[in-house]
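Okay, so here's the structure we're looking at.
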Amino acid sequence: MRPKFLLPLVVLAALVVVLGIGVKRSPDKSTLTSALLGKPAPQFTLPNLLDPARKVASSQYAGHPYVLNVWGTWCGECRAEHAMLMQAGAEKRVPLVGLNWKDDNAGALDWLAQLGNPYDA
């Protein structure tokens, strides 16, 4: 084998070994780790987007499961998961509470008018 081909081959082999070690040591992506798992959800009282005079409070759901979904019109993942939330909202298994983050009311309402509103509150 010629010496000019030997160096790239050695570099490629080293990269394969390093990538193999990295993949083997990577954490299991099927489990979520969070300091909040298994703990009560934070208490909140917030204005309802559709009727700001009405309040939505975590105490309304005390003792019952609910989904608190934080979303924004600027969030690509929020748009990607919206169809799934529409389906879950239609099934009515648990209440869906939407918390709009960093949008003005008009923009958030327009987004829900275009894509549908899956939220109970």
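Chains: A, B, ... in order of the structure tokens. Residues: from 1 per chain. Ligands: from 1, in order shown.
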Please return as a VMD selection string: the residues of chain A that backbone DSSP assigns to helix (DSSP H, G or I). chain A and resid 3 to 25 58 to 61 76 to 91 105 to 115
Determine, using only C-alpha atoms, which residues of segment 32-67 of chain A have any atom at most 8 Å from an atom of segment 103-121 of chain A, and tabulate each with its shortest atom pair and distance in Å to one decimal place, rows ordered by chain and then rising number, as JSON lines.
{"residue": "A:Asn48", "atom": "CA", "partner": "A:Ala121", "partner_atom": "CA", "distance": 6.7}
{"residue": "A:Leu49", "atom": "CA", "partner": "A:Asn105", "partner_atom": "CA", "distance": 6.7}
{"residue": "A:Leu50", "atom": "CA", "partner": "A:Leu109", "partner_atom": "CA", "distance": 7.6}
{"residue": "A:Val56", "atom": "CA", "partner": "A:Ala121", "partner_atom": "CA", "distance": 6.7}
Could you list, as a PDB file with N, CA and C atoms, in the first residue's frame, every residue within 12 Å of Gln60 of chain A, counting only C-alpha atoms and ignoring same-chain residues fewer than 3 positions away?
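around31.pdb, written as the output of this step:
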ATOM      1  N   GLN A  43     -48.323  25.441  40.779  1.00  0.00           N
ATOM      2  CA  GLN A  43     -49.618  26.114  40.878  1.00  0.00           C
ATOM      3  C   GLN A  43     -49.632  27.323  39.943  1.00  0.00           C
ATOM      4  N   PHE A  44     -50.768  27.575  39.295  1.00  0.00           N
ATOM      5  CA  PHE A  44     -50.883  28.748  38.432  1.00  0.00           C
ATOM      6  C   PHE A  44     -52.313  29.264  38.425  1.00  0.00           C
ATOM      7  N   THR A  45     -52.455  30.541  38.183  1.00  0.00           N
ATOM      8  CA  THR A  45     -53.724  31.205  37.912  1.00  0.00           C
ATOM      9  C   THR A  45     -53.424  32.218  36.824  1.00  0.00           C
ATOM     10  N   LEU A  46     -54.022  32.020  35.648  1.00  0.00           N
ATOM     11  CA  LEU A  46     -53.714  32.843  34.482  1.00  0.00           C
ATOM     12  C   LEU A  46     -54.995  33.252  33.772  1.00  0.00           C
ATOM     13  N   LYS A  55     -60.430  33.436  34.616  1.00  0.00           N
ATOM     14  CA  LYS A  55     -59.125  32.898  35.013  1.00  0.00           C
ATOM     15  C   LYS A  55     -59.118  31.378  34.879  1.00  0.00           C
ATOM     16  N   VAL A  56     -57.951  30.857  34.553  1.00  0.00           N
ATOM     17  CA  VAL A  56     -57.724  29.409  34.522  1.00  0.00           C
ATOM     18  C   VAL A  56     -56.722  29.123  35.634  1.00  0.00           C
ATOM     19  N   ALA A  57     -57.062  28.215  36.525  1.00  0.00           N
ATOM     20  CA  ALA A  57     -56.201  27.923  37.670  1.00  0.00           C
ATOM     21  C   ALA A  57     -55.946  26.428  37.778  1.00  0.00           C
ATOM     22  N   GLY A  63     -56.347  16.982  41.859  1.00  0.00           N
ATOM     23  CA  GLY A  63     -56.743  15.592  42.040  1.00  0.00           C
ATOM     24  C   GLY A  63     -57.093  14.863  40.764  1.00  0.00           C
ATOM     25  N   HIS A  64     -57.016  15.544  39.628  1.00  0.00           N
ATOM     26  CA  HIS A  64     -57.347  14.937  38.335  1.00  0.00           C
ATOM     27  C   HIS A  64     -56.197  15.171  37.358  1.00  0.00           C
ATOM     28  N   PRO A  65     -55.943  14.207  36.496  1.00  0.00           N
ATOM     29  CA  PRO A  65     -54.875  14.416  35.511  1.00  0.00           C
ATOM     30  C   PRO A  65     -55.305  15.428  34.446  1.00  0.00           C
ATOM     31  N   TYR A  66     -54.345  16.185  33.969  1.00  0.00           N
ATOM     32  CA  TYR A  66     -54.567  17.096  32.851  1.00  0.00           C
ATOM     33  C   TYR A  66     -53.235  17.304  32.138  1.00  0.00           C
ATOM     34  N   PRO A  95     -58.336  16.731  30.183  1.00  0.00           N
ATOM     35  CA  PRO A  95     -58.387  18.128  29.751  1.00  0.00           C
ATOM     36  C   PRO A  95     -57.020  18.595  29.237  1.00  0.00           C
ATOM     37  N   VAL A  97     -54.846  21.913  28.737  1.00  0.00           N
ATOM     38  CA  VAL A  97     -54.720  23.313  29.117  1.00  0.00           C
ATOM     39  C   VAL A  97     -53.555  23.879  28.325  1.00  0.00           C
ATOM     40  N   ASP A 120     -59.053  22.871  26.228  1.00  0.00           N
ATOM     41  CA  ASP A 120     -60.246  23.062  27.039  1.00  0.00           C
ATOM     42  C   ASP A 120     -60.165  24.396  27.771  1.00  0.00           C
ATOM     43  N   ALA A 121     -58.955  24.838  28.037  1.00  0.00           N
ATOM     44  CA  ALA A 121     -58.736  26.125  28.721  1.00  0.00           C
ATOM     45  C   ALA A 121     -57.454  26.733  28.221  1.00  0.00           C
TER      46      ALA A 121
END
Which residues are near Glu81 of chain A? Cut-off 12 Å, only C-alpha atoms, ignore same chain within fewer than 6 positions. Put them as a list in words. Asn69, Val70, Trp71, Gly72, Cys75, Gln87, Ala88, Leu115 and Pro118 of chain A
Quick one: DSSP strand (DSSP E) residues in segment 36-121 of chain A, as a PyMOL selection string? chain A and resi 45-47+55-57+67-71+96-100
Two-atom distance - atom CA of Leu85 of chain A, atom CA of Leu68 of chain A (Å): 11.2 Å
